[in-house]
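J.: Okay, so here is run_38.txt, and as you'll see once you scroll down, it has compact mmCIF, C-alpha atoms.
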```txt
# COMPACT_ATOMS: atom_id res chain seq x y z
CA MET R 1 60.41 236.55 -61.87
CA ASP R 2 61.87 234.70 -58.91
CA PHE R 3 61.07 230.99 -58.94
CA THR R 4 62.76 230.35 -55.59
CA LEU R 5 60.33 228.89 -53.08
CA SER R 6 60.19 230.74 -49.79
CA PRO R 7 60.35 228.75 -46.53
CA GLU R 8 56.59 229.28 -46.21
CA LEU R 9 55.91 227.84 -49.67
CA LEU R 10 58.26 224.94 -49.07
CA ASP R 11 56.38 224.14 -45.88
CA LEU R 12 53.05 224.35 -47.72
CA GLN R 13 54.38 222.06 -50.44
CA GLN R 14 55.62 219.45 -47.99
CA ARG R 15 52.48 219.56 -45.83
CA THR R 16 50.26 219.10 -48.87
CA ARG R 17 52.44 216.35 -50.30
CA ALA R 18 52.40 214.48 -47.00
CA PHE R 19 48.63 214.88 -46.64
CA ILE R 20 47.97 213.48 -50.13
CA ALA R 21 50.36 210.56 -49.57
CA GLU R 22 49.12 209.62 -46.10
CA HIS R 23 45.39 210.30 -46.27
CA ILE R 24 44.18 210.48 -49.89
CA ILE R 25 46.17 208.03 -52.00
CA PRO R 26 45.06 205.12 -49.74
CA LEU R 27 41.45 205.98 -50.67
CA GLU R 28 41.99 205.61 -54.42
CA LYS R 29 40.81 201.99 -54.39
CA ASP R 30 37.86 202.72 -52.13
CA PRO R 31 34.64 201.26 -53.64
CA ARG R 32 33.09 204.72 -53.25
CA CYS R 33 35.20 205.83 -56.24
CA THR R 34 32.70 205.30 -59.04
CA ALA R 35 32.65 205.76 -62.81
CA HIS R 36 30.99 209.13 -62.16
CA GLY R 37 33.42 210.31 -59.51
CA PRO R 38 33.72 209.88 -55.74
CA THR R 39 30.42 209.55 -53.89
CA GLU R 40 29.15 212.31 -51.62
CA ASP R 41 29.97 210.19 -48.59
CA LEU R 42 33.60 209.83 -49.67
CA ARG R 43 33.81 213.51 -50.61
CA ARG R 44 32.62 214.60 -47.18
CA GLU R 45 35.07 212.24 -45.49
CA MET R 46 37.98 213.72 -47.44
CA ILE R 47 36.78 217.29 -46.85
CA SER R 48 36.82 216.59 -43.12
CA LEU R 49 40.39 215.31 -43.32
CA ALA R 50 41.53 218.39 -45.26
CA ARG R 51 39.80 220.71 -42.82
CA LYS R 52 41.65 219.08 -39.91
CA ALA R 53 44.93 219.43 -41.83
CA GLY R 54 44.31 223.15 -42.42
CA LEU R 55 44.39 222.75 -46.21
CA LEU R 56 40.76 223.33 -47.21
CA SER R 57 39.71 225.80 -49.94
CA SER R 58 43.17 227.31 -50.13
CA HIS R 59 42.19 229.73 -52.91
CA MET R 60 39.47 231.38 -50.83
CA PRO R 61 40.06 234.30 -48.44
CA THR R 62 40.51 233.51 -44.77
CA GLU R 63 37.14 235.06 -43.87
CA LEU R 64 35.52 232.32 -45.98
CA GLY R 65 37.56 229.57 -44.36
CA GLY R 66 40.36 229.42 -46.93
CA LEU R 67 44.07 230.17 -46.89
CA GLY R 68 43.96 233.27 -49.09
CA LEU R 69 46.75 232.03 -51.39
CA ASP R 70 47.90 234.04 -54.39
CA HIS R 71 48.27 232.35 -57.79
CA ARG R 72 51.93 231.45 -57.29
CA ALA R 73 51.21 229.75 -53.98
CA LYS R 74 48.23 227.98 -55.54
CA ALA R 75 50.54 226.63 -58.24
CA ILE R 76 52.49 224.82 -55.52
CA LEU R 77 49.51 223.45 -53.60
CA PHE R 78 47.34 222.57 -56.61
CA GLU R 79 50.13 220.56 -58.23
CA GLU R 80 50.56 218.54 -55.04
CA ALA R 81 46.80 218.03 -54.80
CA GLY R 82 46.67 216.79 -58.39
CA TYR R 83 49.12 213.99 -57.58
CA SER R 84 46.01 211.97 -56.71
CA PRO R 85 42.79 212.01 -58.74
CA LEU R 86 41.02 212.50 -55.42
CA GLY R 87 43.30 215.29 -54.18
CA PRO R 88 41.53 218.33 -55.66
CA VAL R 89 38.16 217.06 -54.40
CA ALA R 90 39.59 216.45 -50.93
CA LEU R 91 41.01 219.98 -50.72
CA ASN R 92 37.84 221.55 -52.20
CA ILE R 93 39.76 222.97 -55.17
CA ALA R 94 38.28 220.77 -57.91
CA ALA R 95 36.41 222.01 -60.96
CA PRO R 96 33.79 223.36 -61.29
CA ASP R 97 33.52 224.47 -57.67
CA GLU R 98 36.92 226.15 -57.55
CA GLY R 99 36.19 228.37 -60.55
CA ASN R 100 32.65 229.09 -59.36
CA MET R 101 33.97 230.17 -55.96
CA HIS R 102 36.51 232.50 -57.52
CA MET R 103 33.93 234.17 -59.76
CA MET R 104 31.33 234.51 -57.02
CA GLU R 105 33.87 236.09 -54.69
CA VAL R 106 34.38 238.79 -57.33
CA ILE R 107 30.81 239.50 -58.52
CA ALA R 108 28.21 237.98 -56.16
CA THR R 109 26.14 240.18 -53.85
CA PRO R 110 26.60 239.88 -50.06
CA ALA R 111 23.31 237.98 -49.85
CA GLN R 112 24.37 235.56 -52.61
CA LYS R 113 27.71 235.00 -50.92
CA GLU R 114 26.03 234.20 -47.61
CA ARG R 115 23.50 231.86 -49.21
CA TRP R 116 25.70 229.98 -51.66
CA LEU R 117 29.40 230.92 -51.59
CA LYS R 118 30.02 230.52 -47.88
CA PRO R 119 28.78 226.89 -47.61
CA LEU R 120 30.52 226.11 -50.92
CA ALA R 121 33.85 227.39 -49.61
CA LEU R 122 33.39 225.37 -46.43
CA GLY R 123 32.93 222.21 -48.50
CA GLU R 124 29.40 221.70 -47.21
CA ILE R 125 27.81 221.74 -50.68
CA ARG R 126 28.73 221.42 -54.38
CA SER R 127 27.82 223.50 -57.42
CA CYS R 128 27.75 223.25 -61.21
CA PHE R 129 28.27 225.67 -64.10
CA CYS R 130 25.69 225.39 -66.88
CA MET R 131 27.12 226.85 -70.07
CA THR R 132 27.68 224.21 -72.78
CA GLU R 133 24.71 223.23 -74.95
CA PRO R 134 23.93 220.57 -77.57
CA SER R 135 24.12 221.67 -81.21
CA PRO R 136 23.13 224.20 -82.44
CA GLY R 137 23.73 225.85 -79.06
CA ALA R 138 26.85 227.22 -77.40
CA GLY R 139 30.03 225.17 -77.23
CA SER R 140 33.42 226.60 -78.10
CA ASP R 141 31.50 229.57 -79.55
CA PRO R 142 29.58 231.20 -76.64
CA GLY R 143 27.88 233.50 -79.13
CA MET R 144 25.66 230.56 -80.11
CA LEU R 145 23.97 230.56 -76.69
CA ALA R 146 20.43 229.20 -77.11
CA THR R 147 19.08 229.02 -73.56
CA THR R 148 16.70 231.93 -72.98
CA ALA R 149 15.70 234.02 -69.96
CA VAL R 150 12.44 235.93 -70.41
CA ARG R 151 11.41 238.61 -67.92
CA ASP R 152 8.17 237.85 -66.08
CA GLY R 153 7.43 240.53 -63.51
CA ASP R 154 10.12 240.39 -60.83
CA ASP R 155 11.39 237.04 -62.12
CA TYR R 156 13.00 235.46 -65.16
CA LEU R 157 11.79 232.27 -66.84
CA ILE R 158 14.71 230.18 -68.11
CA THR R 159 14.25 227.60 -70.85
CA GLY R 160 16.88 225.51 -72.59
CA GLU R 161 19.10 222.44 -72.43
CA LYS R 162 22.72 222.08 -71.31
CA TRP R 163 25.08 219.15 -71.49
CA PHE R 164 28.53 218.07 -70.30
CA ILE R 165 27.53 219.80 -67.04
CA THR R 166 30.15 218.65 -64.57
CA GLY R 167 28.90 217.85 -61.09
CA ALA R 168 25.21 218.52 -61.79
CA GLU R 169 24.15 215.29 -60.09
CA GLY R 170 24.32 216.05 -56.37
CA ALA R 171 24.98 219.79 -56.77
CA THR R 172 23.09 222.13 -54.46
CA PHE R 173 22.99 225.04 -56.89
CA ALA R 174 23.81 225.97 -60.47
CA ILE R 175 25.22 229.00 -62.23
CA ILE R 176 23.24 229.18 -65.48
CA MET R 177 24.19 231.13 -68.59
CA ALA R 178 21.18 232.28 -70.62
CA LYS R 179 20.42 235.08 -73.07
CA LEU R 180 17.94 237.84 -72.41
CA GLU R 181 15.28 238.84 -74.93
CA ASP R 182 17.74 241.34 -76.42
CA GLY R 183 20.30 238.54 -76.88
CA ARG R 184 22.69 239.58 -74.11
CA ALA R 185 24.21 236.72 -72.09
CA THR R 186 23.45 236.78 -68.37
CA MET R 187 24.31 234.53 -65.42
CA PHE R 188 21.71 233.28 -62.95
CA LEU R 189 21.91 231.42 -59.64
CA ALA R 190 19.37 228.69 -58.87
CA ASP R 191 19.01 225.88 -56.37
CA MET R 192 19.02 222.54 -58.17
CA ASP R 193 15.86 221.32 -56.41
CA ARG R 194 13.68 224.08 -57.90
CA PRO R 195 10.74 223.15 -60.18
CA GLY R 196 11.79 223.53 -63.78
CA ILE R 197 15.23 221.90 -63.45
CA GLU R 198 15.60 218.32 -64.65
CA ILE R 199 18.72 216.19 -64.77
CA VAL R 200 17.89 214.25 -67.92
CA ARG R 201 20.71 211.72 -67.77
CA ALA R 202 24.28 211.08 -66.77
CA MET R 203 26.77 211.04 -69.64
CA ASP R 204 29.33 208.25 -69.78
CA ALA R 205 32.75 209.90 -70.08
CA LEU R 206 36.38 208.81 -70.10
CA ASP R 207 37.14 210.57 -66.82
CA SER R 208 35.99 209.48 -63.37
CA CYS R 209 37.49 212.14 -61.10
CA PHE R 210 34.67 214.71 -60.85
CA PRO R 211 31.97 214.19 -58.21
CA GLY R 212 28.63 213.83 -59.94
CA GLY R 213 30.21 213.10 -63.31
CA HIS R 214 28.75 214.97 -66.30
CA ALA R 215 25.07 215.37 -67.08
CA VAL R 216 22.45 216.66 -69.47
CA VAL R 217 20.33 219.29 -67.69
CA ARG R 218 17.05 220.71 -68.96
CA PHE R 219 15.37 223.96 -67.87
CA ALA R 220 11.65 224.32 -68.52
CA ASN R 221 10.32 227.72 -67.46
CA LEU R 222 12.63 227.72 -64.44
CA ARG R 223 11.55 230.73 -62.38
CA VAL R 224 14.48 232.71 -61.01
CA PRO R 225 13.98 235.93 -59.00
CA ALA R 226 15.77 239.00 -60.38
CA CYS R 227 17.75 239.18 -57.13
CA ASP R 228 19.42 235.89 -58.16
CA VAL R 229 21.01 237.34 -61.29
CA LEU R 230 24.76 236.89 -60.78
CA GLY R 231 26.44 240.20 -61.52
CA GLU R 232 24.87 242.67 -63.92
CA PRO R 233 22.34 241.60 -66.58
CA GLY R 234 23.93 241.31 -70.01
CA GLU R 235 27.49 240.90 -68.69
CA GLY R 236 27.59 237.10 -68.67
CA LEU R 237 30.33 236.66 -71.26
CA LYS R 238 32.57 239.17 -69.48
CA TYR R 239 32.09 237.33 -66.20
CA ALA R 240 32.82 234.04 -67.93
CA GLN R 241 36.32 235.36 -68.65
CA VAL R 242 36.68 236.38 -64.99
CA ARG R 243 36.04 232.72 -64.22
CA LEU R 244 37.81 231.03 -67.10
CA SER R 245 41.24 232.70 -67.21
CA PRO R 246 42.20 231.66 -63.65
CA ALA R 247 40.28 228.37 -63.99
CA ARG R 248 42.28 227.36 -67.06
CA LEU R 249 45.45 227.92 -65.08
CA THR R 250 44.31 225.95 -62.05
CA HIS R 251 43.45 223.05 -64.37
CA CYS R 252 47.07 223.20 -65.57
CA MET R 253 48.31 223.13 -61.98
CA ARG R 254 46.22 220.12 -60.99
CA TRP R 255 46.96 218.06 -64.12
CA LEU R 256 50.66 218.80 -63.77
CA GLY R 257 50.52 216.89 -60.50
CA ALA R 258 48.73 214.00 -62.19
CA ALA R 259 51.33 213.86 -64.98
CA ARG R 260 54.12 213.90 -62.43
CA ARG R 261 52.46 210.92 -60.70
CA ALA R 262 52.28 208.96 -63.97
CA HIS R 263 55.93 209.79 -64.70
CA ASP R 264 57.01 208.70 -61.21
CA VAL R 265 55.22 205.35 -61.59
CA ALA R 266 56.76 204.79 -65.02
CA THR R 267 60.23 205.77 -63.80
CA ARG R 268 60.16 203.32 -60.91
CA TYR R 269 58.98 200.57 -63.25
CA ALA R 270 61.67 201.36 -65.84
CA ALA R 271 64.35 201.23 -63.15
CA GLN R 272 63.24 197.83 -61.81
CA ARG R 273 61.91 195.90 -64.80
CA GLN R 274 64.56 193.87 -66.63
CA ALA R 275 64.55 193.07 -70.34
CA PHE R 276 67.32 191.91 -72.69
CA GLY R 277 69.89 191.84 -69.93
CA LYS R 278 69.36 195.29 -68.40
CA SER R 279 66.71 197.52 -66.92
CA LEU R 280 64.11 199.04 -69.25
CA GLY R 281 65.36 202.51 -68.46
CA GLU R 282 68.82 201.67 -69.82
CA HIS R 283 67.32 201.04 -73.25
CA GLU R 284 67.29 204.25 -75.26
CA GLY R 285 63.74 203.67 -76.45
CA VAL R 286 62.56 203.92 -72.85
CA GLY R 287 65.22 206.23 -71.43
CA PHE R 288 64.51 208.86 -74.05
CA LYS R 289 60.81 208.77 -73.16
CA LEU R 290 61.70 209.45 -69.54
CA ALA R 291 63.93 212.32 -70.64
CA ASP R 292 61.14 213.76 -72.79
CA ASN R 293 58.79 213.48 -69.82
CA GLU R 294 61.19 215.47 -67.65
CA MET R 295 61.41 218.20 -70.26
CA ASP R 296 57.63 218.39 -70.77
CA LEU R 297 57.04 218.59 -67.02
CA HIS R 298 59.66 221.33 -66.70
CA VAL R 299 58.22 223.43 -69.54
CA THR R 300 54.69 223.01 -68.18
CA ARG R 301 55.74 224.15 -64.72
CA LEU R 302 57.47 227.22 -66.17
CA ALA R 303 54.36 228.07 -68.24
CA VAL R 304 52.14 227.71 -65.18
CA TRP R 305 54.37 229.80 -62.94
CA HIS R 306 54.72 232.52 -65.58
CA CYS R 307 50.95 232.76 -66.00
CA ALA R 308 50.50 232.78 -62.21
CA TRP R 309 52.95 235.67 -62.04
CA VAL R 310 50.98 237.57 -64.70
CA LEU R 311 47.74 237.10 -62.77
CA ASP R 312 49.39 238.14 -59.50
CA GLN R 313 50.41 241.40 -61.16
CA GLY R 314 46.71 242.20 -61.48
CA ASN R 315 46.39 241.37 -65.18
CA LEU R 316 43.51 239.22 -66.38
CA GLY R 317 46.00 237.28 -68.47
CA ARG R 318 43.62 235.87 -71.09
CA HIS R 319 46.41 235.55 -73.66
CA ALA R 320 48.84 234.15 -71.09
CA SER R 321 46.28 231.65 -69.82
CA SER R 322 45.55 230.47 -73.37
CA VAL R 323 49.26 229.94 -74.00
CA ALA R 324 49.69 228.10 -70.69
CA LYS R 325 46.59 225.98 -71.31
CA VAL R 326 47.73 224.71 -74.72
CA ILE R 327 51.33 224.11 -73.62
CA SER R 328 50.20 222.32 -70.47
CA SER R 329 47.36 220.22 -71.84
CA GLU R 330 49.42 218.89 -74.72
CA ALA R 331 52.64 218.36 -72.76
CA ILE R 332 50.76 216.64 -69.94
CA TRP R 333 49.03 214.36 -72.43
CA ARG R 334 52.41 213.40 -73.90
CA VAL R 335 53.83 212.64 -70.45
CA VAL R 336 50.95 210.38 -69.49
CA ASP R 337 50.85 208.67 -72.90
CA ARG R 338 54.59 207.92 -72.73
CA SER R 339 54.14 206.60 -69.19
CA VAL R 340 51.50 204.16 -70.43
CA GLN R 341 53.88 203.00 -73.15
CA ILE R 342 56.75 202.50 -70.71
CA LEU R 343 54.55 200.42 -68.41
CA GLY R 344 53.49 198.18 -71.30
CA GLY R 345 50.70 195.81 -70.28
CA GLN R 346 50.43 197.35 -66.84
CA GLY R 347 49.87 200.73 -68.43
CA VAL R 348 46.58 199.70 -69.99
CA THR R 349 45.22 197.99 -66.87
CA HIS R 350 44.33 199.35 -63.48
CA GLU R 351 47.25 197.57 -61.85
CA THR R 352 48.69 201.08 -61.49
CA ILE R 353 47.04 204.51 -61.29
CA VAL R 354 48.37 205.48 -64.73
CA ALA R 355 45.48 204.09 -66.80
CA ARG R 356 43.06 206.07 -64.66
CA ILE R 357 45.12 209.23 -65.09
CA PHE R 358 45.27 208.55 -68.85
CA SER R 359 41.46 208.41 -69.04
CA ASP R 360 41.03 211.48 -66.85
CA VAL R 361 43.56 213.71 -68.55
CA ARG R 362 42.50 213.26 -72.18
CA ALA R 363 39.59 215.68 -71.82
CA PHE R 364 41.93 218.47 -70.70
CA ARG R 365 42.69 219.25 -74.36
CA VAL R 366 38.96 219.83 -74.90
CA TYR R 367 37.34 221.55 -71.93
CA ASP R 368 37.83 225.21 -71.01
CA GLY R 369 38.47 225.72 -74.71
CA PRO R 370 39.97 223.11 -77.03
CA SER R 371 43.56 223.63 -78.17
CA GLU R 372 42.38 224.69 -81.63
CA VAL R 373 40.28 227.59 -80.28
CA HIS R 374 43.11 228.76 -78.04
CA ARG R 375 45.55 228.66 -80.96
CA TRP R 376 43.11 230.75 -82.97
CA SER R 377 42.88 233.27 -80.11
CA ILE R 378 46.67 233.35 -79.67
CA ALA R 379 47.19 233.89 -83.40
CA LYS R 380 44.75 236.82 -83.44
CA ASN R 381 46.61 238.38 -80.52
CA VAL R 382 49.95 237.92 -82.30
CA LEU R 383 48.62 239.49 -85.50
CA ARG R 384 46.71 242.37 -83.88
CA PRO R 385 49.58 244.94 -83.77
CA HIS R 386 50.34 244.28 -87.44
CA THR R 387 46.76 244.45 -88.66
CA GLN R 388 46.14 247.62 -86.65
CA ALA R 389 49.17 249.26 -88.26
CA ARG R 390 47.75 248.90 -91.77
```
As structure tokens - that is how I would like this structure written.
T.:
Amino acid sequence: MDFTLSPELLDLQQRTRAFIAEHIIPLEKDPRCTAHGPTEDLRREMISLARKAGLLSSHMPTELGGLGLDHRAKAILFEEAGYSPLGPVALNIAAPDEGNMHMMEVIATPAQKERWLKPLALGEIRSCFCMTEPSPGAGSDPGMLATTAVRDGDDYLITGEKWFITGAEGATFAIIMAKLEDGRATMFLADMDRPGIEIVRAMDALDSCFPGGHAVVRFANLRVPACDVLGEPGEGLKYAQVRLSPARLTHCMRWLGAARRAHDVATRYAAQRQAFGKSLGEHEGVGFKLADNEMDLHVTRLAVWHCAWVLDQGNLGRHASSVAKVISSEAIWRVVDRSVQILGGQGVTHETIVARIFSDVRAFRVYDGPSEVHRWSIAKNVLRPHTQAR
């Protein structure tokens, strides 16, 4: 693996960094940044800026208005975007849209791409991914899927309840996971304004970076034509992996940028703030935290780049993405937590961006598979050659 950045990647890095610094960071205190994410008006304003800068939907192919970047190039751009909580939204690479776009590019029909993927890639609309359910339904265990899809002539009737559905409020369409009468998981596409879809309530969450926040969504005999099945019936769990393996990695890329931002703020503060006759950074208790931050950022970047390399070789990389996700989510949490500690009182207020990053990043150890589930999966993969040899 060659980690040297080509002139083209260096240019992409600098252009993205400059765009975030000049156009997006100044919007972080805009009143349109709400507890449930940036408003649609602010999102559209930022999308317009990114389009003019030639940085929109970088993960999408050029025929869909993107830059057609491979995973290694995305690692560069996504990290720079993540330097601001608004950056991924501005560049149209935020979850859940980014993962939905990737999956639809792979498995959607031409008609589905024209109807939903194309405007999504252009930043004209938003989407949501309806998978997680209240107990006793699916959470970390997708096999517990409770939402049903019953065939009714040329249609399916979908009934069930989902929660923690990111971006549901304001989304134009949803990708819904439901089980057929034979129990097989299947994905469906549906416009959010169809009869039978109800946004029950918004959920108050620690994070505030996702447009539309997180919601409880109920389906009551939602009628979906068979032509709006996404992919093949019964293959929903397989397609979920098509979505999740790259999506886990892009989360790592974005949050790496956020952690770097927190570290930069803490470093500047430690260099300037005086206590007991010298700067904070000269005290080992603070200096060692900065050193640990540097090491965690370095290891995270290596894990991300390695996994990107695996994916660019054409491998699905489920094991590699699990490893990268656990390393990244836990290292990034440590970096941001240390940065709060270094900043002291300022770290627990919104005098700096760090408290906001702290609130946003905590959920990263939970969504797209909590660390415990990934460790379980990694352990099974480690043991498999030995158990098979018995």
J.: Rank R:His306, R:Ser140, R:Lys325, R:Leu189 by their smallest atom-to-atom distance to Ala111 in chain R, using only C-alpha atoms, and report the top residue only.
T.: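 Using only C-alpha atoms, the shortest distance to Ala111 in chain R belongs to R:Leu189.
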J.: Given the choices R:Val323, R:Ala146, R:Met203, R:Ala270, which gets closest to Phe164 in chain R if the distance is worked out from all atoms listed in the file?
T.: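 Of all the options, R:Met203 lies closest to Phe164 in chain R.
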J.: Could you check which residues have any atom within 10 Å of (47.5, 221.0, -54.5), counting only C-alpha atoms with coordinates taken straight from the file, and then list them as a PyMOL selection string?
T.: chain R and resi 12-13+16-17+20+55+58+73-84+87-88+90-94+250+253-254+257
J.: What is the distance between CA of Thr186 in chain R and CA of Glu235 in chain R, in Å to one decimal?
T.: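 Those two atoms sit 5.8 Å apart.
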J.: In Å, rounded to a single decimal, give me how far CA of His214 in chain R is from CA of Glu351 in chain R.
T.: 25.8 Å
J.: As a PyMOL selection string, please: the residues near Ala226 in chain R (cut-off 6 Å, all atoms listed in the file, same-chain neighbours under 2 positions excluded).
T.: chain R and resi 154-155+228-229
J.: Work out how far apart CA of Pro26 in chain R and CA of Met46 in chain R are and give it in Å to one decimal.
T.: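 Separation between CA of Pro26 in chain R and CA of Met46 in chain R: 11.4 Å.
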J.: Name the residues in contact with Ala178 in chain R at a cut-off of 8 Å, using all atoms listed in the file, excluding same-chain residues fewer than 4 positions from it; report them as a list in words.
T.: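 The filter keeps Leu145, Ala146, Thr147, Thr148, Ala149, Ile158, Ala185, Thr186, Met187 and Phe188 of chain R.
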J.: Could you write out the selected residues, including C-alpha atoms, as a compact mmCIF listing (two decimals), keeping the file's coordinate frame?
T.:
```txt
# COMPACT_ATOMS: atom_id res chain seq x y z
CA LEU R 145 23.97 230.56 -76.69
CA ALA R 146 20.43 229.20 -77.11
CA THR R 147 19.08 229.02 -73.56
CA THR R 148 16.70 231.93 -72.98
CA ALA R 149 15.70 234.02 -69.96
CA ILE R 158 14.71 230.18 -68.11
CA ALA R 185 24.21 236.72 -72.09
CA THR R 186 23.45 236.78 -68.37
CA MET R 187 24.31 234.53 -65.42
CA PHE R 188 21.71 233.28 -62.95
```
J.: Got a sec: who's within 8 Å of range 96-105 of chain R, counting all atoms listed in the file, leaving out chain neighbours fewer than 2 positions off, as a list in words?
T.: His59, Met60, Asn92, Ile93, Ala94, Ile107, Ala108, Lys113, Leu117, Leu120, Ala121, Arg126, Ser127, Cys128, Phe129, Thr166, Gly167, Ile175, Leu230, Tyr239, Val242, Arg243, Leu244, Pro246 and Ala247 of chain R
J.: Find the residue from R:Gln241, R:Asn293, R:Thr300, R:Gln272 that sits nearest to Trp255 in chain R; use only C-alpha atoms when measuring.
T.: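 Looking at the shortest contact to Trp255 in chain R, the residue is R:Thr300.
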J.: Would you mind listing, for every residue of range 231-340 of chain R within 10 Å of range 369-389 of chain R, the two atoms forming the shortest contact and the distance between them in Å to one decimal, using only C-alpha atoms, sorted by chain and ascending residue number, as JSON lines?
T.:
```
{"residue": "R:Leu244", "atom": "CA", "partner": "R:Gly369", "partner_atom": "CA", "distance": 9.3}
{"residue": "R:Arg248", "atom": "CA", "partner": "R:Gly369", "partner_atom": "CA", "distance": 8.7}
{"residue": "R:Arg318", "atom": "CA", "partner": "R:Ser377", "partner_atom": "CA", "distance": 9.4}
{"residue": "R:His319", "atom": "CA", "partner": "R:Ile378", "partner_atom": "CA", "distance": 6.4}
{"residue": "R:Ala320", "atom": "CA", "partner": "R:Ile378", "partner_atom": "CA", "distance": 8.9}
{"residue": "R:Ser321", "atom": "CA", "partner": "R:His374", "partner_atom": "CA", "distance": 9.3}
{"residue": "R:Ser322", "atom": "CA", "partner": "R:His374", "partner_atom": "CA", "distance": 5.5}
{"residue": "R:Val323", "atom": "CA", "partner": "R:Ile378", "partner_atom": "CA", "distance": 7.1}
{"residue": "R:Ala324", "atom": "CA", "partner": "R:His374", "partner_atom": "CA", "distance": 9.9}
{"residue": "R:Lys325", "atom": "CA", "partner": "R:Ser371", "partner_atom": "CA", "distance": 7.9}
{"residue": "R:Val326", "atom": "CA", "partner": "R:Ser371", "partner_atom": "CA", "distance": 5.5}
{"residue": "R:Ile327", "atom": "CA", "partner": "R:Ser371", "partner_atom": "CA", "distance": 9.0}
{"residue": "R:Ser329", "atom": "CA", "partner": "R:Ser371", "partner_atom": "CA", "distance": 8.1}
{"residue": "R:Glu330", "atom": "CA", "partner": "R:Ser371", "partner_atom": "CA", "distance": 8.3}
```
J.: I'd like the contact shell of Arg72 in chain R - 9 Å cut-off, only C-alpha atoms, skipping same-chain residues fewer than 3 positions apart - returned as an NGL selection string.
T.: :R and (69 or 75-76 or 304-309 or 311-312)
J.: Given 4 Å of margin on each side, can you work out the centre and size in Å (one decimal) of an axis-aligned box holding every listed atom of range 65-71 of chain R, as lines of an AutoDock Vina configuration file?
T.:
```
center_x = 42.9
center_y = 231.7
center_z = -51.1
size_x = 18.7
size_y = 12.6
size_z = 21.4
```
J.: Tell me which protein, DNA and RNA residues are within 8 Å of range 357-368 of chain R, counting only C-alpha atoms, leaving out same-chain ones fewer than 5 positions away, and put them as a list in words.
T.: Pro85, Leu206, Asp207, Ser208, Cys209, Leu244, Arg248, His251, Trp255, Ala258, Ala259, Ala262, Val326, Ser329, Glu330, Ile332, Trp333, Val336, Asp337 and Val340 of chain R
J.: Choose the residue, out of R:Ala240, R:Val310, R:Leu5, R:Ile342, that has the smallest atom-to-atom separation from Gly281 in chain R; count only C-alpha atoms.
T.: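 The answer is R:Ile342, which sits nearest to Gly281 in chain R.
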